[in-house]
Structures are given as C-alpha cells and as structure tokens.
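The structure under discussion appears below in the form of structure tokens.
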Amino acid sequence: MTKILIIYTGGTIGMMENPQTGALQSFDFKHLASHVPEMQYFRHETDTLTMDPPIDSSDMEPHHWVRIAELIQENYARYDAFVVLHGTDTMAYTASALSFMLEGLAKPVVITGSQIPIGQLRTDGRENLLTSLEIAAAKDAEGRPLVPEVCVYFERQLMRGNRTTKINSEGFNAFRSYNFPPLATAGIHIHFVPQERRLPLQSELKVSTALDTNVIMLPLFPGIQEDFVERILTMPHLRGVILKTYGSGNAPKKPWLLRLLKAAIERGIIVVNTTQCPEGGVEMTLYETGLQLLQIGVLNGYDSTTEAMVTKMMYLLGKDLTMEERCQLITTSLAGEITIN
Ligand code: ASP
C-alpha cells in the first residue's frame, strides 16, 4: 500500500478565527483532519506530522526550510510520497528552496494550501488536499512515481514548485507557472504530462542544508537613486544580488549604475539578471541596455522566477565552491527551474 506522510507547517488551510480579534491564527492539525472526513476513505495509508509550532508562512525563514527538508529526509525510507501543507504567502519560496536542497529526490513532494480555511463552508482546502494526496500516490505501470519532484498543487493545476509565483491574494487560482507548463491538470481525471517532459528519475537523496542569506533583491525603477544603490551594493556581508531589470533584461544607461555594479562584481559579489516581467526571460544581447550588463559580468538568470533565483543563490552560496563553479551553476538548470535555449 502506498504510504504518504502529510507535513503540516501552518497557513490558512489549518487556521481558525480568533474569537477575540477576528484574525486567523494557526491551529492544531487535529482540527484539519477532523474537517476532511473523506480522508478515512482514502485508499492509501497516510500519517501526519505537524511542524512545531505551525506558522503563518509570512514567518517562514530558511531554518524552517531546513526543518521541512530534514523531516522529509528522516522519513524518506518509510514513505512513498510527501504532501506539505503550507501557507500560500511564501509557498513558492519554500517550493523553490526544497527543489534545490533535496538533491537526488526521487519521490513526490507536493506542496499545497488554501485561500479559505478548511473548516469554512466554501473552502478550497479540501479539494487541494485530497487531489494532492491522489497526485502524490500516482504511479506508472512499473510502480514508479509520476511526479518525483517538488511541486505545488493549487486550483486544479500541478506545477513545478520552482516555477511558481503567488499571483492572487483573493481568487482560488493563487499560483501561476508562467514559463513552464503544468505537470498535471485535474478535472474528472488527473492528466499527467508525458514521461519525456518530466525530470529524470534520481537515485539517492542528499539534503543540502547550508544556506547563505547574504543576498538582496534589487528592483530597478525610473528615478532610482545612486546613493541608495551604492549603500546596498557596498554592504559589508553582501554576496549575491538578484537584479530585477526591465523587459528582456535591460537597465538604464546610467554610468553610475554600471560603475557600482562592476565594482561589486570585482569585489566577488555575484550579480544575476532576472526580469520584472513574470512571463518570458532575459536575453542580454537584444538591446544595448542589456548588453552593457553582460559586458561587466552580470550573469543571465534566464526565465527564472524571483523565488527560484533568491533560493538558488542562498543554496549555491552555502556550498563550498569556487567563484567560477558558482557562476557556472547559477546559469545551469539544477532542478528544472530555468529554460536555456
Ligand atoms: N498568511 C497565510 C500564510 O501564508 C496565507 C495563506 O495561507 O494562504 O500562511
């Protein structure tokens, strides 16, 4: 029988209203299970674990990612798949981080949550949870899992975790994967993508828990000031900058901006170019405004989401690598997070 471990980390799916303040607060996981009676009819065996304490995902920190990764590692041999219940706010960051940290993952890790708590009438949590369990348990004719990777299931779509972004704070379709098609869609039947579009099956799990958070995201905007940028780029512990540029990876032709970025790169700071556009990617040779960045050593972030690049940078900076190796890996697809044409 297929065994699935459900790890509840917190988030709306398991929250209840505080009668005093009216605000939603994390609640005990027992509350969640009692609101999904359908789970007792599930054909597969499920166990549950609650991260202690469960948290609103706005409070998620890299040490929580490490805890989730360790829980998966500790239980890896005993379970066929994992369903992680998580708040939606930072779900895309957790999914991205886990996709890098769980090296050699060969079992499904499906992350889901909900916009309305599971105990409330119009909840989307019940469907998200039950379909995530079905997806996690799905196997091919040879008994191999259909999605042996970190993914996000939300509102009838299974997406590669490190391709997702939260796009809606109100609707049930809270997540989008702009640059990569869904891994599965759920209607009356669940349709999975064909084998050749999936990640290659890995063999041995190794969890990488060293994350270096000395990174910053720097979005460009008309009117951005030199002294502010200078302060950021000369911060003492800074090791990585995720530059959020315009369009296909373009930046204004301000000499001071190029000078500051070049000096940062020469000091050993990794600067990577990602676009502010949610769809499409970086192509630095298309315009002079992009080429100038390439010429000073800014790396290509291709069609990476911000969430994937921030967590990839923390993961790579945490590893014992040479500068050259790090730069090479930033521009390589490690877990299907970028498309290199
Ligand atoms: N603030 C909540 C969280 O991310 C929202 C949610 O779960 O959807 O934990």
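Every chain in the structure tokens takes a letter, A first, then B, and so on in the order presented; its residues are numbered from 1, and the ligands are numbered from 1 following the presented order.
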
Using only C-alpha atoms and all ligand atoms, find each protein or nucleic acid residue lying at most 9 Å from ligand 1; present the set as a list of chain:residue names.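 Those residues are A:Thr9, A:Gly10, A:Gly11, A:Thr12, A:Ile13, A:Gly14, A:Met15, A:Leu24, A:Ser26, A:Ile55, A:Asp56, A:Ser57, A:Ser58, A:Asp59, A:Met60, A:His86, A:Gly87, A:Thr88, A:Asp89, A:Thr90, A:Met91, A:Gly113, A:Ser114, A:Gln115, A:Ile116, A:Pro117, A:Ser169, A:Ala174.
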
At a cut-off of 6 Å, using only C-alpha atoms, what residues contact Tyr153 in chain A? Leave out same-chain residues fewer than 2 positions from it and give the result as a JSON list (two decimals) with N, CA and C atoms, in the first residue's frame.
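Full text of out28.json as output:
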```json
[["chain", "number", "residue", "atom", "x", "y", "z"],
["A", 112, "THR", "N", 0.84, 22.12, -0.90],
["A", 112, "THR", "CA", -0.45, 22.75, -1.16],
["A", 112, "THR", "C", -0.91, 23.53, 0.06],
["A", 157, "GLN", "N", -4.34, 22.61, -10.76],
["A", 157, "GLN", "CA", -3.08, 22.54, -11.52],
["A", 157, "GLN", "C", -1.93, 22.08, -10.65],
["A", 158, "LEU", "N", -1.16, 21.15, -11.19],
["A", 158, "LEU", "CA", 0.08, 20.75, -10.53],
["A", 158, "LEU", "C", 1.21, 21.43, -11.28]]
```

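Residues within 12 Å of Lys254 in chain A, counting only C-alpha atoms and excluding same-chain residues fewer than 6 positions away, are Leu220, Pro222, Gly223, Ile224, Gln225, Glu226, Leu260, Leu261, Thr289, Gln292 and Leu293 of chain A.
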
Suppose we keep N, CA, C and O atoms; can you now write the selection as a CSV table (one decimal), in the first residue's frame?
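Below is the file that was written, part21.csv:
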```csv
chain,number,residue,atom,x,y,z
A,220,LEU,N,14.9,47.6,-10.3
A,220,LEU,CA,15.2,48.9,-10.9
A,220,LEU,C,13.9,49.6,-11.1
A,220,LEU,O,12.8,48.9,-11.4
A,222,PRO,N,12.4,53.7,-12.7
A,222,PRO,CA,12.8,55.1,-13.1
A,222,PRO,C,12.9,56.0,-11.9
A,222,PRO,O,12.0,56.0,-11.1
A,223,GLY,N,14.0,56.7,-11.8
A,223,GLY,CA,14.2,57.6,-10.6
A,223,GLY,C,15.0,57.0,-9.5
A,223,GLY,O,15.3,57.6,-8.5
A,224,ILE,N,15.5,55.7,-9.7
A,224,ILE,CA,16.3,55.1,-8.7
A,224,ILE,C,17.5,55.9,-8.4
A,224,ILE,O,18.1,56.5,-9.3
A,225,GLN,N,17.9,56.0,-7.1
A,225,GLN,CA,18.9,56.9,-6.7
A,225,GLN,C,20.3,56.3,-6.5
A,225,GLN,O,20.4,55.2,-5.8
A,226,GLU,N,21.3,57.0,-7.0
A,226,GLU,CA,22.7,56.4,-6.9
A,226,GLU,C,23.1,56.1,-5.4
A,226,GLU,O,23.6,55.1,-5.1
A,260,LEU,N,28.9,51.1,-10.3
A,260,LEU,CA,28.7,50.4,-9.0
A,260,LEU,C,28.5,48.9,-9.1
A,260,LEU,O,29.0,48.1,-8.3
A,261,LEU,N,27.8,48.5,-10.2
A,261,LEU,CA,27.6,47.0,-10.4
A,261,LEU,C,29.0,46.3,-10.7
A,261,LEU,O,29.3,45.3,-10.2
A,289,THR,N,21.0,48.2,-23.8
A,289,THR,CA,20.7,48.4,-22.4
A,289,THR,C,20.9,47.0,-21.6
A,289,THR,O,21.0,47.0,-20.4
A,292,GLN,N,25.2,46.0,-22.1
A,292,GLN,CA,26.1,46.6,-21.1
A,292,GLN,C,26.2,45.9,-19.8
A,292,GLN,O,27.3,45.9,-19.2
A,293,LEU,N,25.2,45.2,-19.4
A,293,LEU,CA,25.2,44.4,-18.2
A,293,LEU,C,26.0,43.1,-18.4
A,293,LEU,O,26.9,42.8,-17.5
```

Counting only C-alpha atoms, closest pick from A:Val215, A:Val282, A:Leu334, A:Leu5 relative to Arg239 in chain A is A:Val215

Residue list (helix (DSSP H, G or I), DSSP) for range 102-157 of chain A, as number ranges by chain: A: 125-137

Compare A:Asp52, A:Glu61, A:Asp80, A:Glu149 by their minimum atom-to-atom distance to Ile111 in chain A, counting only C-alpha atoms, and give me the closest one.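 Once distances to Ile111 in chain A are computed over only C-alpha atoms, the minimum belongs to A:Glu149.
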
Tell me which protein, DNA and RNA residues are within 9 Å of Thr331 in chain A, counting only C-alpha atoms, leaving out same-chain ones fewer than 5 positions away, and put them as a PDB file with N, CA and C atoms, in the first residue's frame.
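Final file, part-v1.pdb:
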```pdb
ATOM      1  N   VAL A 272      23.081  38.692 -10.667  1.00  0.00           N
ATOM      2  CA  VAL A 272      22.375  37.937 -11.694  1.00  0.00           C
ATOM      3  C   VAL A 272      21.162  38.737 -12.175  1.00  0.00           C
ATOM      4  N   LEU A 299      25.357  38.016 -14.592  1.00  0.00           N
ATOM      5  CA  LEU A 299      25.003  36.679 -15.091  1.00  0.00           C
ATOM      6  C   LEU A 299      23.557  36.634 -15.580  1.00  0.00           C
ATOM      7  N   ASN A 300      23.306  35.696 -16.489  1.00  0.00           N
ATOM      8  CA  ASN A 300      21.967  35.564 -17.063  1.00  0.00           C
ATOM      9  C   ASN A 300      21.089  34.689 -16.159  1.00  0.00           C
ATOM     10  N   GLY A 301      19.955  35.249 -15.730  1.00  0.00           N
ATOM     11  CA  GLY A 301      19.028  34.488 -14.893  1.00  0.00           C
ATOM     12  C   GLY A 301      17.955  33.802 -15.727  1.00  0.00           C
ATOM     13  N   TYR A 302      18.049  33.926 -17.044  1.00  0.00           N
ATOM     14  CA  TYR A 302      17.082  33.325 -17.984  1.00  0.00           C
ATOM     15  C   TYR A 302      15.643  33.631 -17.553  1.00  0.00           C
ATOM     16  N   ARG A 326      30.431  28.465  -8.924  1.00  0.00           N
ATOM     17  CA  ARG A 326      29.166  29.083  -8.512  1.00  0.00           C
ATOM     18  C   ARG A 326      28.503  29.795  -9.692  1.00  0.00           C
ATOM     19  N   ILE A 338      15.026  26.763 -14.809  1.00  0.00           N
ATOM     20  CA  ILE A 338      15.188  27.714 -15.918  1.00  0.00           C
ATOM     21  C   ILE A 338      15.179  26.975 -17.253  1.00  0.00           C
ATOM     22  N   ILE A 340      16.968  27.005 -20.822  1.00  0.00           N
ATOM     23  CA  ILE A 340      18.092  27.554 -21.567  1.00  0.00           C
ATOM     24  C   ILE A 340      17.943  27.085 -23.006  1.00  0.00           C
TER      25      ILE A 340
END
```

Please list as a PyMOL selection string every residue within 7 Å of Leu133 in chain A, counting only C-alpha atoms and excluding residues in the same chain fewer than 4 positions away. chain A and resi 83+129+137

With only C-alpha atoms as the basis for distance, which of A:Glu266, A:Asp212, A:Asp124, A:Glu204 is at the shortest distance from Glu170 in chain A? A:Asp124

Long-range neighbours of Ile6 in chain A as a PDB file with C-alpha atoms, in the first residue's frame, 12 Å cut-off, only C-alpha atoms, 5 positions minimum in chain:
```
ATOM      1  CA  PHE A  29      -3.507  19.810  12.896  1.00  0.00           C
ATOM      2  CA  LEU A  32      -7.639  19.966   9.927  1.00  0.00           C
ATOM      3  CA  ALA A  33      -8.058  16.174   9.843  1.00  0.00           C
ATOM      4  CA  MET A  39      -9.576  11.113   4.262  1.00  0.00           C
ATOM      5  CA  GLU A  45      -2.077   4.973   4.093  1.00  0.00           C
ATOM      6  CA  THR A  46      -1.447   8.449   5.454  1.00  0.00           C
ATOM      7  CA  ASP A  47       0.332   9.687   8.563  1.00  0.00           C
ATOM      8  CA  THR A  48       0.575  13.258   9.712  1.00  0.00           C
ATOM      9  CA  LEU A  49       3.279  15.358  11.287  1.00  0.00           C
ATOM     10  CA  THR A  50       2.959  18.942  12.444  1.00  0.00           C
ATOM     11  CA  MET A  51       5.832  21.386  12.398  1.00  0.00           C
ATOM     12  CA  ILE A  68      10.964  20.558   6.407  1.00  0.00           C
ATOM     13  CA  LEU A  71      11.568  15.844   8.168  1.00  0.00           C
ATOM     14  CA  ILE A  72      11.436  14.519   4.609  1.00  0.00           C
ATOM     15  CA  ASN A  75      11.040   9.774   6.869  1.00  0.00           C
ATOM     16  CA  TYR A  79       7.096   6.772   2.849  1.00  0.00           C
ATOM     17  CA  ASP A  80       6.442   6.750  -0.884  1.00  0.00           C
ATOM     18  CA  ALA A  81       5.484  10.419  -1.079  1.00  0.00           C
ATOM     19  CA  PHE A  82       5.094  13.617   0.921  1.00  0.00           C
ATOM     20  CA  VAL A  83       2.353  16.247   0.986  1.00  0.00           C
ATOM     21  CA  VAL A  84       3.378  19.502   2.624  1.00  0.00           C
ATOM     22  CA  LEU A  85       0.597  21.818   3.816  1.00  0.00           C
ATOM     23  CA  HIS A  86       1.843  25.367   3.770  1.00  0.00           C
ATOM     24  CA  PRO A 108       6.906  13.251  -4.920  1.00  0.00           C
ATOM     25  CA  VAL A 109       6.819  16.244  -2.578  1.00  0.00           C
ATOM     26  CA  VAL A 110       3.521  18.015  -3.267  1.00  0.00           C
ATOM     27  CA  ILE A 111       3.038  21.353  -1.529  1.00  0.00           C
ATOM     28  CA  THR A 112      -0.447  22.748  -1.165  1.00  0.00           C
ATOM     29  CA  GLY A 113      -2.559  25.073   0.961  1.00  0.00           C
ATOM     30  CA  LEU A 129      -5.538  18.387  -0.032  1.00  0.00           C
ATOM     31  CA  LEU A 130      -7.384  15.373  -1.462  1.00  0.00           C
ATOM     32  CA  SER A 132      -2.566  16.458  -3.754  1.00  0.00           C
ATOM     33  CA  LEU A 133      -2.761  13.101  -1.979  1.00  0.00           C
ATOM     34  CA  ALA A 136       1.452  12.107  -4.615  1.00  0.00           C
ATOM     35  CA  ALA A 137       0.303   8.488  -4.734  1.00  0.00           C
TER      36      ALA A 137
END
```

Looking only at the backbone, which of the residues in range 77-316 of chain A does DSSP tag as strand (DSSP E), as a PyMOL selection string? chain A and resi 81-85+102-103+109-112+150-154+157-160+165-166+175-176+184-186+190-192+206-207+215-219+240-245+270-275+299-300
